[in-house]
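Worksheet: the structure to be examined is printed underneath.
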Amino acid sequence: MSTIDVGARAPRSTPMQRSADIPTFIPVARAQHRRVLTEPAAKAFPPGHCISVPPGCVVRSADEAPAAVDVIGAPVVVKAVAHDLSHKTDAGAVMFPIDSAAAAEAACRTITARVAAYRPDIVLEGFLVEAYRPAQPEWILALRNDPQFGPVVMFGLGGIYVETLRQVSFRLAPLRSKDIEALLGERPAMRLLSGARGAAPSNRRAVVDVLRRHSELSIEPAIMRDISEIEINPLAVTEAGALALDALIVLRS
């Protein structure tokens, strides 16, 4: 995972990084009676070990955002961080592209006002400032603990189109090579991986690899014992590989 430490420029900021302490996220969430991990925690946990994420860090106030942008480099995306805000887009809590340090600070203040208007009870813990990595199309990848079938992988067209177009497919996890090939050929939207209207083909090898590695989380007892769902949406697929632009982890009740 990419790590940005803004260091002395923003001493109170928290870089996202893999850590041996990551498993403590779950007991801490349990103790606080929370079932949903924040995006930075979700990206640091299983997704961050399987799929790259954009360089970024968490800042606790709007005043700290400019220093983060100075290190990451513009443009960036700014997102609210709050345990009770699973669907940030609905609250207007995601802004991009932000092209300057000053604009990032202003974006944090705008997001604060939007979240307060959307749900006054939500307490913001800070803001995630990440390098802006646009990608079309956007994909969704999820590993879910189905009460009837057990671990199931979902993959398909993501972003805002998940519910409207329903171009997603499911397979039992862990995935075998033939499962991955069948999954990638099942829905019409999957043809976008091969390019459309002159667009360059996606990095199919990266898609296959990330599907395989994400599905292998299903054989980790410690993970599947506590986690109900790991969702990456959107997932960007570029020439350099797959990139988790957002992540969500829901714990078992």
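Residues are named by chain letter and number: chains run A, B, ... in the order of the structure tokens, numbers start at 1 in each chain, and ligands are numbered from 1 in the order shown.
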
(request) Identify all residues of range 51-132 of chain A in strand (DSSP E) (DSSP on the backbone) and supply them as a list in words. (result)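 Taking range 51-132 of chain A and keeping strand (DSSP E) gives Gly56, Cys57, Val58, Val59, Val76, Val77, Val78, Lys79, Ala80, Val81, Val94, Met95, Phe96, Pro97, Ile98, Gly126, Phe127, Leu128, Val129, Glu130 and Ala131 of chain A.
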
Select from range 76-176 of chain A every residue with an atom at most 10 Å from any atom of range 50-72 of chain A, then for each give the shortest pair of atoms and their distance in Å to one decimal, using only C-alpha atoms, rows by chain and rising number, as JSON lines.
```
{"residue": "A:Val76", "atom": "CA", "partner": "A:Val69", "partner_atom": "CA", "distance": 7.1}
{"residue": "A:Val77", "atom": "CA", "partner": "A:Gly56", "partner_atom": "CA", "distance": 9.3}
{"residue": "A:Val78", "atom": "CA", "partner": "A:Ala65", "partner_atom": "CA", "distance": 8.9}
{"residue": "A:Lys79", "atom": "CA", "partner": "A:Val58", "partner_atom": "CA", "distance": 9.4}
{"residue": "A:Ala80", "atom": "CA", "partner": "A:Val58", "partner_atom": "CA", "distance": 9.5}
{"residue": "A:Val81", "atom": "CA", "partner": "A:Val58", "partner_atom": "CA", "distance": 8.2}
{"residue": "A:Ile98", "atom": "CA", "partner": "A:Val69", "partner_atom": "CA", "distance": 9.3}
{"residue": "A:Asp99", "atom": "CA", "partner": "A:Val69", "partner_atom": "CA", "distance": 9.0}
{"residue": "A:Ser100", "atom": "CA", "partner": "A:Val69", "partner_atom": "CA", "distance": 7.2}
{"residue": "A:Ala101", "atom": "CA", "partner": "A:Pro66", "partner_atom": "CA", "distance": 4.2}
{"residue": "A:Ala102", "atom": "CA", "partner": "A:Pro66", "partner_atom": "CA", "distance": 6.1}
{"residue": "A:Ala103", "atom": "CA", "partner": "A:Pro66", "partner_atom": "CA", "distance": 8.2}
{"residue": "A:Ala104", "atom": "CA", "partner": "A:Ala65", "partner_atom": "CA", "distance": 5.9}
{"residue": "A:Glu105", "atom": "CA", "partner": "A:Ala62", "partner_atom": "CA", "distance": 4.9}
{"residue": "A:Ala106", "atom": "CA", "partner": "A:Ala62", "partner_atom": "CA", "distance": 7.4}
{"residue": "A:Ala107", "atom": "CA", "partner": "A:Ala62", "partner_atom": "CA", "distance": 8.1}
{"residue": "A:Cys108", "atom": "CA", "partner": "A:Ala62", "partner_atom": "CA", "distance": 5.2}
{"residue": "A:Arg109", "atom": "CA", "partner": "A:Ala62", "partner_atom": "CA", "distance": 6.3}
{"residue": "A:Thr110", "atom": "CA", "partner": "A:Ala62", "partner_atom": "CA", "distance": 9.7}
{"residue": "A:Ile111", "atom": "CA", "partner": "A:Ala62", "partner_atom": "CA", "distance": 9.9}
{"residue": "A:Thr112", "atom": "CA", "partner": "A:Ala62", "partner_atom": "CA", "distance": 9.2}
{"residue": "A:Leu124", "atom": "CA", "partner": "A:Arg60", "partner_atom": "CA", "distance": 8.7}
{"residue": "A:Glu125", "atom": "CA", "partner": "A:Arg60", "partner_atom": "CA", "distance": 6.4}
{"residue": "A:Gly126", "atom": "CA", "partner": "A:Arg60", "partner_atom": "CA", "distance": 4.0}
{"residue": "A:Phe127", "atom": "CA", "partner": "A:Val59", "partner_atom": "CA", "distance": 5.3}
{"residue": "A:Leu128", "atom": "CA", "partner": "A:Val58", "partner_atom": "CA", "distance": 4.5}
{"residue": "A:Val129", "atom": "CA", "partner": "A:Gly56", "partner_atom": "CA", "distance": 5.4}
{"residue": "A:Glu130", "atom": "CA", "partner": "A:Gly56", "partner_atom": "CA", "distance": 4.0}
{"residue": "A:Ala131", "atom": "CA", "partner": "A:Pro55", "partner_atom": "CA", "distance": 5.6}
{"residue": "A:Tyr132", "atom": "CA", "partner": "A:Pro54", "partner_atom": "CA", "distance": 7.6}
{"residue": "A:Arg133", "atom": "CA", "partner": "A:Pro54", "partner_atom": "CA", "distance": 7.2}
```

(message) With only C-alpha atoms as the counted atoms, please give the residues lying no more than 9 Å from Ser86 in chain A, apart from itself and same-chain residues fewer than 2 positions off, as number ranges by chain.
(response) A: 36-39, 82-84, 88, 248

Atoms kept (C-alpha atoms) for selection, written as a PDB file, in the first residue's frame:
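Just written: out21.pdb:
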```pdb
ATOM      1  CA  VAL A  36     -18.620  -0.755   9.888  1.00  0.00           C
ATOM      2  CA  LEU A  37     -14.946   0.192   9.634  1.00  0.00           C
ATOM      3  CA  THR A  38     -14.014   3.581   8.224  1.00  0.00           C
ATOM      4  CA  GLU A  39     -12.512   3.719   4.741  1.00  0.00           C
ATOM      5  CA  ALA A  82     -16.839   8.938  10.009  1.00  0.00           C
ATOM      6  CA  HIS A  83     -17.930   5.581  11.368  1.00  0.00           C
ATOM      7  CA  ASP A  84     -21.588   6.370  10.745  1.00  0.00           C
ATOM      8  CA  LYS A  88     -20.355   9.175   1.513  1.00  0.00           C
ATOM      9  CA  LEU A 248     -15.914  -0.929   3.067  1.00  0.00           C
TER      10      LEU A 248
END
```

Using only C-alpha atoms, which protein or nucleic acid residues come within 6 Å of range 227-238 of chain A? Drop anything in the same chain fewer than 5 positions from it, and give the result as a CSV table (one decimal) with C-alpha atoms, in the first residue's frame.
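Result file is selection14.csv:
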```csv
chain,number,residue,atom,x,y,z
A,135,ALA,CA,-10.8,5.5,-14.1
A,138,GLU,CA,-15.5,1.6,-12.5
A,139,TRP,CA,-15.8,-1.9,-11.1
A,140,ILE,CA,-17.0,-3.5,-7.8
A,141,LEU,CA,-15.4,-6.4,-6.0
A,142,ALA,CA,-16.8,-7.9,-2.8
A,143,LEU,CA,-16.4,-10.9,-0.6
A,144,ARG,CA,-19.5,-11.7,1.4
A,145,ASN,CA,-20.3,-14.2,4.0
A,158,GLY,CA,-19.4,-0.7,-10.1
A,159,GLY,CA,-19.6,3.0,-9.1
A,243,LEU,CA,-6.5,0.1,-7.5
A,244,ALA,CA,-9.0,0.3,-4.7
A,245,LEU,CA,-10.5,3.8,-4.8
A,246,ASP,CA,-12.9,3.1,-1.9
A,247,ALA,CA,-13.3,0.2,0.5
A,248,LEU,CA,-15.9,-0.9,3.1
A,249,ILE,CA,-15.7,-3.6,5.7
A,250,VAL,CA,-18.8,-4.8,7.7
A,251,LEU,CA,-18.3,-6.9,10.7
A,252,ARG,CA,-20.5,-9.8,11.7
```

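As for CA of Arg212 in chain A and CA of Gly241 in chain A, they are spaced 13.9 Å apart.
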
(request) Name the residues of range 15-212 of chain A that fall into helix (DSSP H, G or I) according to DSSP on the backbone, using the chain letters and numbers of this document, as a PyMOL selection string. (result) chain A and resi 22-31+39-44+46-50+62-72+89-91+101-118+159-165+177-184+188-194+204-212

Could those selected residues go to a file with C-alpha atoms, as a PDB file, in the first residue's frame?
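File produced: out-v3.pdb:
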```pdb
ATOM      1  CA  ILE A  22      -4.267  -3.797  12.098  1.00  0.00           C
ATOM      2  CA  PRO A  23      -6.191  -6.733  13.705  1.00  0.00           C
ATOM      3  CA  THR A  24      -6.886  -4.457  16.667  1.00  0.00           C
ATOM      4  CA  PHE A  25      -9.328  -2.555  14.425  1.00  0.00           C
ATOM      5  CA  ILE A  26     -11.885  -5.304  14.940  1.00  0.00           C
ATOM      6  CA  PRO A  27     -11.853  -5.518  18.770  1.00  0.00           C
ATOM      7  CA  VAL A  28     -11.809  -1.724  18.972  1.00  0.00           C
ATOM      8  CA  ALA A  29     -14.852  -1.555  16.689  1.00  0.00           C
ATOM      9  CA  ARG A  30     -16.573  -4.218  18.777  1.00  0.00           C
ATOM     10  CA  ALA A  31     -15.880  -2.313  21.970  1.00  0.00           C
ATOM     11  CA  GLU A  39     -12.512   3.719   4.741  1.00  0.00           C
ATOM     12  CA  PRO A  40      -8.915   4.241   5.954  1.00  0.00           C
ATOM     13  CA  ALA A  41      -9.225   1.264   8.300  1.00  0.00           C
ATOM     14  CA  ALA A  42     -10.817  -0.853   5.580  1.00  0.00           C
ATOM     15  CA  LYS A  43      -8.043   0.007   3.133  1.00  0.00           C
ATOM     16  CA  ALA A  44      -5.380  -0.814   5.699  1.00  0.00           C
ATOM     17  CA  PRO A  46      -7.584  -6.924   3.921  1.00  0.00           C
ATOM     18  CA  PRO A  47      -7.994  -4.732   0.814  1.00  0.00           C
ATOM     19  CA  GLY A  48      -4.684  -3.036   1.454  1.00  0.00           C
ATOM     20  CA  HIS A  49      -2.982  -6.405   1.551  1.00  0.00           C
ATOM     21  CA  CYS A  50      -4.546  -7.565  -1.723  1.00  0.00           C
ATOM     22  CA  ALA A  62      -9.352  21.281   7.368  1.00  0.00           C
ATOM     23  CA  ASP A  63      -6.274  23.245   8.452  1.00  0.00           C
ATOM     24  CA  GLU A  64      -4.095  20.148   7.962  1.00  0.00           C
ATOM     25  CA  ALA A  65      -5.297  19.383   4.424  1.00  0.00           C
ATOM     26  CA  PRO A  66      -2.929  21.752   2.573  1.00  0.00           C
ATOM     27  CA  ALA A  67       0.167  20.035   3.995  1.00  0.00           C
ATOM     28  CA  ALA A  68      -1.162  16.678   2.831  1.00  0.00           C
ATOM     29  CA  VAL A  69      -1.684  18.016  -0.699  1.00  0.00           C
ATOM     30  CA  ASP A  70       1.835  19.471  -0.721  1.00  0.00           C
ATOM     31  CA  VAL A  71       3.225  15.978  -0.155  1.00  0.00           C
ATOM     32  CA  ILE A  72       0.769  13.903  -2.213  1.00  0.00           C
ATOM     33  CA  THR A  89     -21.615  10.115  -1.948  1.00  0.00           C
ATOM     34  CA  ASP A  90     -25.203  10.367  -0.687  1.00  0.00           C
ATOM     35  CA  ALA A  91     -24.094  12.984   1.829  1.00  0.00           C
ATOM     36  CA  ALA A 101      -3.792  22.921  -1.325  1.00  0.00           C
ATOM     37  CA  ALA A 102      -6.143  25.839  -0.664  1.00  0.00           C
ATOM     38  CA  ALA A 103      -8.965  24.103  -2.501  1.00  0.00           C
ATOM     39  CA  ALA A 104      -8.453  20.991  -0.344  1.00  0.00           C
ATOM     40  CA  GLU A 105      -8.896  23.025   2.817  1.00  0.00           C
ATOM     41  CA  ALA A 106     -12.051  24.591   1.371  1.00  0.00           C
ATOM     42  CA  ALA A 107     -13.321  21.156   0.352  1.00  0.00           C
ATOM     43  CA  CYS A 108     -12.984  19.908   3.928  1.00  0.00           C
ATOM     44  CA  ARG A 109     -15.094  22.805   5.175  1.00  0.00           C
ATOM     45  CA  THR A 110     -17.693  22.251   2.452  1.00  0.00           C
ATOM     46  CA  ILE A 111     -17.906  18.545   3.286  1.00  0.00           C
ATOM     47  CA  THR A 112     -18.323  19.381   6.976  1.00  0.00           C
ATOM     48  CA  ALA A 113     -21.300  21.593   6.173  1.00  0.00           C
ATOM     49  CA  ARG A 114     -22.839  19.023   3.829  1.00  0.00           C
ATOM     50  CA  VAL A 115     -22.592  16.195   6.347  1.00  0.00           C
ATOM     51  CA  ALA A 116     -24.093  18.395   9.067  1.00  0.00           C
ATOM     52  CA  ALA A 117     -27.036  19.158   6.785  1.00  0.00           C
ATOM     53  CA  TYR A 118     -27.387  15.522   5.738  1.00  0.00           C
ATOM     54  CA  GLY A 159     -19.624   2.969  -9.091  1.00  0.00           C
ATOM     55  CA  ILE A 160     -23.145   4.351  -9.142  1.00  0.00           C
ATOM     56  CA  TYR A 161     -24.341   1.663 -11.553  1.00  0.00           C
ATOM     57  CA  VAL A 162     -24.359  -1.312  -9.181  1.00  0.00           C
ATOM     58  CA  GLU A 163     -28.006  -1.026  -8.196  1.00  0.00           C
ATOM     59  CA  THR A 164     -29.349   0.409 -11.456  1.00  0.00           C
ATOM     60  CA  LEU A 165     -27.733  -1.803 -14.101  1.00  0.00           C
ATOM     61  CA  SER A 177      -9.121 -20.386 -12.552  1.00  0.00           C
ATOM     62  CA  LYS A 178     -12.200 -21.680 -14.350  1.00  0.00           C
ATOM     63  CA  ASP A 179     -14.451 -19.803 -11.912  1.00  0.00           C
ATOM     64  CA  ILE A 180     -12.679 -16.540 -12.711  1.00  0.00           C
ATOM     65  CA  GLU A 181     -12.928 -17.077 -16.455  1.00  0.00           C
ATOM     66  CA  ALA A 182     -16.627 -17.924 -16.195  1.00  0.00           C
ATOM     67  CA  LEU A 183     -17.278 -14.903 -13.998  1.00  0.00           C
ATOM     68  CA  LEU A 184     -15.512 -12.550 -16.424  1.00  0.00           C
ATOM     69  CA  PRO A 188     -22.423  -8.006 -21.079  1.00  0.00           C
ATOM     70  CA  ALA A 189     -20.636  -5.305 -19.068  1.00  0.00           C
ATOM     71  CA  MET A 190     -17.599  -7.574 -18.756  1.00  0.00           C
ATOM     72  CA  ARG A 191     -16.900  -6.865 -22.443  1.00  0.00           C
ATOM     73  CA  LEU A 192     -15.702  -3.439 -21.318  1.00  0.00           C
ATOM     74  CA  LEU A 193     -12.577  -5.172 -20.014  1.00  0.00           C
ATOM     75  CA  SER A 194     -11.659  -5.802 -23.653  1.00  0.00           C
ATOM     76  CA  ARG A 204      -7.073  -8.352 -17.642  1.00  0.00           C
ATOM     77  CA  ARG A 205      -4.165 -10.009 -15.893  1.00  0.00           C
ATOM     78  CA  ALA A 206      -4.531  -7.543 -13.011  1.00  0.00           C
ATOM     79  CA  VAL A 207      -8.256  -8.284 -12.793  1.00  0.00           C
ATOM     80  CA  VAL A 208      -7.658 -12.034 -12.666  1.00  0.00           C
ATOM     81  CA  ASP A 209      -4.957 -11.600 -10.043  1.00  0.00           C
ATOM     82  CA  VAL A 210      -7.012  -9.358  -7.789  1.00  0.00           C
ATOM     83  CA  LEU A 211     -10.030 -11.655  -8.028  1.00  0.00           C
ATOM     84  CA  ARG A 212      -7.913 -14.623  -7.030  1.00  0.00           C
TER      85      ARG A 212
END
```

(request) Would you mind reading off the distance between CA of Gln32 in chain A and CA of Asp121 in chain A, one decimal, in Å? (result)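 About the pair CA of Gln32 in chain A and CA of Asp121 in chain A: they are 16.3 Å apart.
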
(message) Just the number, please: distance in Å from CA of Ala242 in chain A to CA of Ser202 in chain A, one decimal.
(response)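 Computed distance, CA of Ala242 in chain A to CA of Ser202 in chain A, equals 9.7 Å.
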
(message) Considering only C-alpha atoms, can you say which of A:Leu157, A:Met224, A:Leu85, A:Ile122 comes closest to Gln136 in chain A?
(response)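 Closest residue, counting only C-alpha atoms: A:Leu157.
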
(request) Rank nothing, just name the residue among A:Val123, A:Val152, A:Val94, A:Ala74 nearest to Leu217 in chain A, using only C-alpha atoms. (result)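 Between A:Val123, A:Val152, A:Val94, A:Ala74, the residue approaching Leu217 in chain A most closely is A:Val152.
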